[in-house]
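Chemist: start_0.cif is the file, holding mmCIF, C-alpha atoms:
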```
data_work
loop_
_atom_site.label_atom_id
_atom_site.label_comp_id
_atom_site.auth_asym_id
_atom_site.auth_seq_id
_atom_site.Cartn_x
_atom_site.Cartn_y
_atom_site.Cartn_z
CA MET A 259 4.01 -11.14 -32.67
CA LYS A 260 6.85 -10.69 -30.19
CA PRO A 261 6.03 -8.62 -27.08
CA ASN A 262 8.18 -5.58 -26.48
CA VAL A 263 9.56 -5.63 -22.95
CA TYR A 264 10.33 -1.92 -22.98
CA VAL A 265 6.66 -1.07 -23.54
CA TYR A 266 5.74 -3.12 -20.48
CA ILE A 267 8.41 -1.41 -18.39
CA LEU A 268 7.22 2.01 -19.55
CA ILE A 269 3.59 1.20 -18.69
CA MET A 270 4.61 -0.06 -15.23
CA ALA A 271 6.67 3.09 -14.63
CA VAL A 272 3.78 5.36 -15.63
CA VAL A 273 1.27 3.51 -13.46
CA THR A 274 3.63 3.53 -10.47
CA TYR A 275 4.32 7.23 -10.93
CA LEU A 276 0.61 8.07 -11.21
CA ILE A 277 -0.25 6.13 -8.06
CA ARG A 278 2.32 8.17 -6.10
CA MET A 279 1.77 11.52 -7.80
CA LEU A 280 -2.04 11.78 -7.97
CA PRO A 281 -2.68 11.94 -4.20
CA MET A 282 -0.18 14.79 -3.84
CA VAL A 283 -1.79 16.72 -6.69
CA LEU A 284 -5.45 16.04 -5.86
CA VAL A 285 -5.31 16.36 -2.06
CA ARG A 286 -3.67 19.67 -1.20
CA LYS A 287 -5.05 20.28 2.29
CA GLU A 288 -5.08 18.14 5.41
CA ILE A 289 -7.71 15.41 5.53
CA GLN A 290 -10.33 16.29 8.17
CA ASN A 291 -12.67 13.31 7.81
CA THR A 292 -12.05 10.97 10.76
CA THR A 293 -13.23 7.90 8.84
CA ILE A 294 -10.72 8.43 6.06
CA LYS A 295 -7.97 9.25 8.55
CA SER A 296 -8.60 6.06 10.53
CA PHE A 297 -8.73 4.04 7.30
CA LEU A 298 -5.37 5.46 6.18
CA TYR A 299 -3.91 4.86 9.64
CA TYR A 300 -4.61 1.11 9.48
CA VAL A 301 -3.59 0.50 5.85
CA PRO A 302 0.07 -0.41 6.65
CA TYR A 303 -0.97 -2.90 9.34
CA VAL A 304 -3.53 -4.58 7.10
CA THR A 305 -1.08 -4.77 4.22
CA LEU A 306 1.56 -6.38 6.42
CA SER A 307 -0.98 -8.87 7.76
CA VAL A 308 -2.22 -9.80 4.31
CA MET A 309 1.33 -10.46 3.14
CA THR A 310 2.42 -12.32 6.28
CA PHE A 311 -0.51 -14.69 6.93
CA PRO A 312 -0.19 -16.77 3.71
CA ALA A 313 3.56 -17.02 4.29
CA ILE A 314 2.92 -18.39 7.78
CA LEU A 315 0.64 -21.13 6.48
CA SER A 316 3.03 -22.18 3.71
CA ALA A 317 6.25 -22.04 5.75
CA THR A 318 5.95 -25.57 7.14
CA ASN A 319 5.23 -29.02 5.76
CA SER A 320 1.81 -29.09 7.40
CA VAL A 321 -0.84 -26.40 7.51
CA ILE A 322 -1.96 -27.77 10.86
CA SER A 323 1.39 -27.13 12.55
CA ALA A 324 1.60 -23.68 10.95
CA ALA A 325 -1.89 -22.79 12.18
CA ALA A 326 -1.07 -24.08 15.66
CA GLY A 327 2.11 -22.00 15.76
CA PHE A 328 0.11 -18.98 14.63
CA VAL A 329 -2.49 -19.51 17.37
CA VAL A 330 0.24 -19.89 20.00
CA ALA A 331 1.92 -16.70 18.75
CA ILE A 332 -1.37 -14.78 18.92
CA ALA A 333 -2.05 -16.08 22.44
CA ALA A 334 1.45 -15.14 23.59
CA ALA A 335 1.09 -11.68 22.06
CA ILE A 336 -2.21 -11.15 23.85
CA LYS A 337 -0.54 -12.20 27.12
CA GLY A 338 2.04 -9.45 26.55
CA PHE A 339 5.21 -11.46 25.95
CA SER A 340 8.15 -9.93 24.10
CA LEU A 341 8.58 -10.52 20.37
CA PHE A 342 11.52 -12.85 20.99
CA LYS A 343 9.51 -15.05 23.36
CA ILE A 344 6.56 -15.11 20.97
CA ALA A 345 8.82 -16.31 18.17
CA ILE A 346 10.35 -18.99 20.42
CA PHE A 347 6.93 -20.27 21.53
CA ALA A 348 5.65 -20.42 17.96
CA CYS A 349 8.79 -22.15 16.67
CA VAL A 350 8.78 -24.72 19.46
CA THR A 351 5.10 -25.44 18.83
CA VAL A 352 5.69 -25.97 15.12
CA PHE A 353 8.79 -28.10 15.80
CA ILE A 354 6.95 -30.40 18.21
CA LEU A 355 3.93 -30.79 15.94
CA GLU A 356 6.10 -31.42 12.87
CA MET A 357 7.70 -34.35 14.69
CA PHE A 358 4.31 -36.04 15.13
CA ILE A 359 2.53 -35.06 11.89
#
```
Transcribe the structure of this file into structure tokens.
Modeler:
Amino acid sequence: MKPNVYVYILIMAVVTYLIRMLPMVLVRKEIQNTTIKSFLYYVPYVTLSVMTFPAILSATNSVISAAAGFVVAIAAAIKGFSLFKIAIFACVTVFILEMFI
């Protein structure tokens, strides 16, 4: 039995449409619950983190150098450096460790 690609595309389109349409139809008034509001506030940050972290660990030849670069980037961010400096520190850390590992 040969699968029909158009059926799969139609199912994906319906599911995508429902995911976007149902909240607008079911939730008509402003959300008052502070727990739900705070949860919805942090969803984009969590999603970005979940997509970025595995890419960081698989971007180099060694997981050790990637993890070290990540730790240096976190430390530099906590210190308050600019995004450009954080990227430079992390890249230099990974470069140096890749030379020895």
Chemist: Counting only C-alpha atoms, what is within 6 Å of range 318-329 of chain A, bar same-chain residues fewer than 5 positions away, as an NGL selection string?
Modeler: :A and (348 or 351-352 or 355)
Chemist: Work out how far CA of Phe347 in chain A is from CA of Ile332 in chain A, in Å to one decimal.
Modeler: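 Distance reported for this atom pair: 10.3 Å.
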Chemist: To verify the selection step, state as a VMD selection string which residues the PyMOL selection byres ((chain A and resi 345) around 10) yields on this input.
Modeler: chain A and resid 327 to 328 330 to 331 334 to 335 339 to 344 346 to 351
Chemist: What's the separation between CA of Ala317 in chain A and CA of Glu356 in chain A, in Å to one decimal place?
Modeler: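 These two atoms are separated by 11.8 Å.
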Chemist: Could you tell me how far CA of Ser316 in chain A lies from CA of Met357 in chain A, in Å and to one decimal?
Modeler: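 Between these atoms lies a distance of 17.0 Å.
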Chemist: Quick one: range 292-307 of chain A from the block, all heavy atoms, as a compact mmCIF listing (two decimals), in the first residue's frame.
Modeler:
```
# COMPACT_ATOMS: atom_id res chain seq x y z
N THR A 292 -2.52 34.51 37.68
CA THR A 292 -1.12 34.90 37.59
C THR A 292 -0.20 33.72 37.27
O THR A 292 0.83 33.91 36.63
CB THR A 292 -0.67 35.55 38.91
OG1 THR A 292 -0.92 34.67 39.99
CG2 THR A 292 -1.40 36.86 39.14
N THR A 293 -0.57 32.53 37.70
CA THR A 293 0.25 31.35 37.41
C THR A 293 0.26 31.06 35.92
O THR A 293 1.32 30.82 35.33
CB THR A 293 -0.28 30.12 38.17
OG1 THR A 293 -0.33 30.43 39.56
CG2 THR A 293 0.60 28.92 37.94
N ILE A 294 -0.89 31.10 35.30
CA ILE A 294 -0.97 30.86 33.86
C ILE A 294 -0.29 31.98 33.09
O ILE A 294 0.42 31.72 32.10
CB ILE A 294 -2.44 30.69 33.43
CG1 ILE A 294 -3.03 29.43 34.05
CG2 ILE A 294 -2.56 30.64 31.92
CD1 ILE A 294 -4.50 29.25 33.81
N LYS A 295 -0.45 33.21 33.53
CA LYS A 295 0.20 34.33 32.86
C LYS A 295 1.73 34.21 32.93
O LYS A 295 2.41 34.45 31.94
CB LYS A 295 -0.25 35.65 33.47
CG LYS A 295 -1.62 36.08 33.04
CD LYS A 295 -2.03 37.35 33.75
CE LYS A 295 -1.95 38.50 32.80
NZ LYS A 295 -2.53 39.73 33.37
N SER A 296 2.24 33.85 34.09
CA SER A 296 3.70 33.71 34.21
C SER A 296 4.20 32.52 33.40
O SER A 296 5.28 32.59 32.80
CB SER A 296 4.11 33.58 35.67
OG SER A 296 3.63 32.38 36.21
N PHE A 297 3.42 31.45 33.35
CA PHE A 297 3.79 30.30 32.52
C PHE A 297 3.86 30.71 31.05
O PHE A 297 4.84 30.41 30.36
CB PHE A 297 2.77 29.17 32.71
CG PHE A 297 2.96 28.04 31.75
CD1 PHE A 297 3.97 27.11 31.93
CD2 PHE A 297 2.12 27.90 30.65
CE1 PHE A 297 4.15 26.07 31.03
CE2 PHE A 297 2.28 26.87 29.75
CZ PHE A 297 3.30 25.95 29.94
N LEU A 298 2.86 31.41 30.57
CA LEU A 298 2.84 31.84 29.17
C LEU A 298 3.92 32.87 28.87
O LEU A 298 4.41 32.95 27.74
CB LEU A 298 1.46 32.39 28.82
CG LEU A 298 0.33 31.37 28.81
CD1 LEU A 298 -1.01 32.07 28.59
CD2 LEU A 298 0.56 30.30 27.76
N TYR A 299 4.31 33.64 29.87
CA TYR A 299 5.37 34.63 29.68
C TYR A 299 6.71 33.95 29.40
O TYR A 299 7.50 34.42 28.57
CB TYR A 299 5.48 35.51 30.93
CG TYR A 299 6.60 36.51 30.87
CD1 TYR A 299 6.45 37.70 30.15
CD2 TYR A 299 7.80 36.28 31.52
CE1 TYR A 299 7.48 38.62 30.09
CE2 TYR A 299 8.83 37.20 31.46
CZ TYR A 299 8.67 38.36 30.74
OH TYR A 299 9.69 39.27 30.68
N TYR A 300 6.99 32.83 30.08
CA TYR A 300 8.28 32.17 29.95
C TYR A 300 8.35 31.13 28.85
O TYR A 300 9.43 30.60 28.56
CB TYR A 300 8.69 31.53 31.29
CG TYR A 300 9.09 32.55 32.32
CD1 TYR A 300 8.29 32.79 33.43
CD2 TYR A 300 10.24 33.30 32.17
CE1 TYR A 300 8.65 33.74 34.36
CE2 TYR A 300 10.62 34.25 33.10
CZ TYR A 300 9.81 34.46 34.20
OH TYR A 300 10.17 35.40 35.11
N VAL A 301 7.27 30.80 28.21
CA VAL A 301 7.26 29.77 27.16
C VAL A 301 8.24 30.09 26.03
O VAL A 301 9.00 29.20 25.62
CB VAL A 301 5.83 29.52 26.64
CG1 VAL A 301 5.84 28.74 25.34
CG2 VAL A 301 5.01 28.78 27.67
N PRO A 302 8.31 31.30 25.48
CA PRO A 302 9.27 31.54 24.40
C PRO A 302 10.72 31.36 24.83
O PRO A 302 11.53 30.83 24.06
CB PRO A 302 9.01 33.00 24.00
CG PRO A 302 7.64 33.30 24.48
CD PRO A 302 7.43 32.46 25.70
N TYR A 303 11.06 31.76 26.05
CA TYR A 303 12.43 31.61 26.52
C TYR A 303 12.80 30.15 26.70
O TYR A 303 13.91 29.72 26.35
CB TYR A 303 12.62 32.37 27.84
CG TYR A 303 12.32 33.84 27.73
CD1 TYR A 303 11.19 34.37 28.31
CD2 TYR A 303 13.16 34.67 27.02
CE1 TYR A 303 10.91 35.73 28.20
CE2 TYR A 303 12.90 36.03 26.90
CZ TYR A 303 11.76 36.54 27.50
OH TYR A 303 11.49 37.86 27.38
N VAL A 304 11.90 29.38 27.23
CA VAL A 304 12.15 27.95 27.43
C VAL A 304 12.28 27.24 26.10
O VAL A 304 13.17 26.41 25.91
CB VAL A 304 11.03 27.32 28.29
CG1 VAL A 304 11.15 25.82 28.33
CG2 VAL A 304 11.07 27.89 29.70
N THR A 305 11.42 27.59 25.16
CA THR A 305 11.48 26.96 23.84
C THR A 305 12.80 27.27 23.15
O THR A 305 13.43 26.37 22.57
CB THR A 305 10.30 27.46 22.97
OG1 THR A 305 9.09 27.21 23.67
CG2 THR A 305 10.28 26.76 21.64
N LEU A 306 13.24 28.51 23.22
CA LEU A 306 14.52 28.87 22.62
C LEU A 306 15.67 28.13 23.30
O LEU A 306 16.58 27.64 22.63
CB LEU A 306 14.73 30.38 22.72
CG LEU A 306 16.02 30.92 22.11
CD1 LEU A 306 16.04 30.66 20.61
CD2 LEU A 306 16.15 32.40 22.39
N SER A 307 15.62 28.02 24.60
CA SER A 307 16.68 27.30 25.33
C SER A 307 16.71 25.82 24.96
O SER A 307 17.79 25.25 24.76
CB SER A 307 16.46 27.43 26.83
OG SER A 307 16.48 28.77 27.21
```
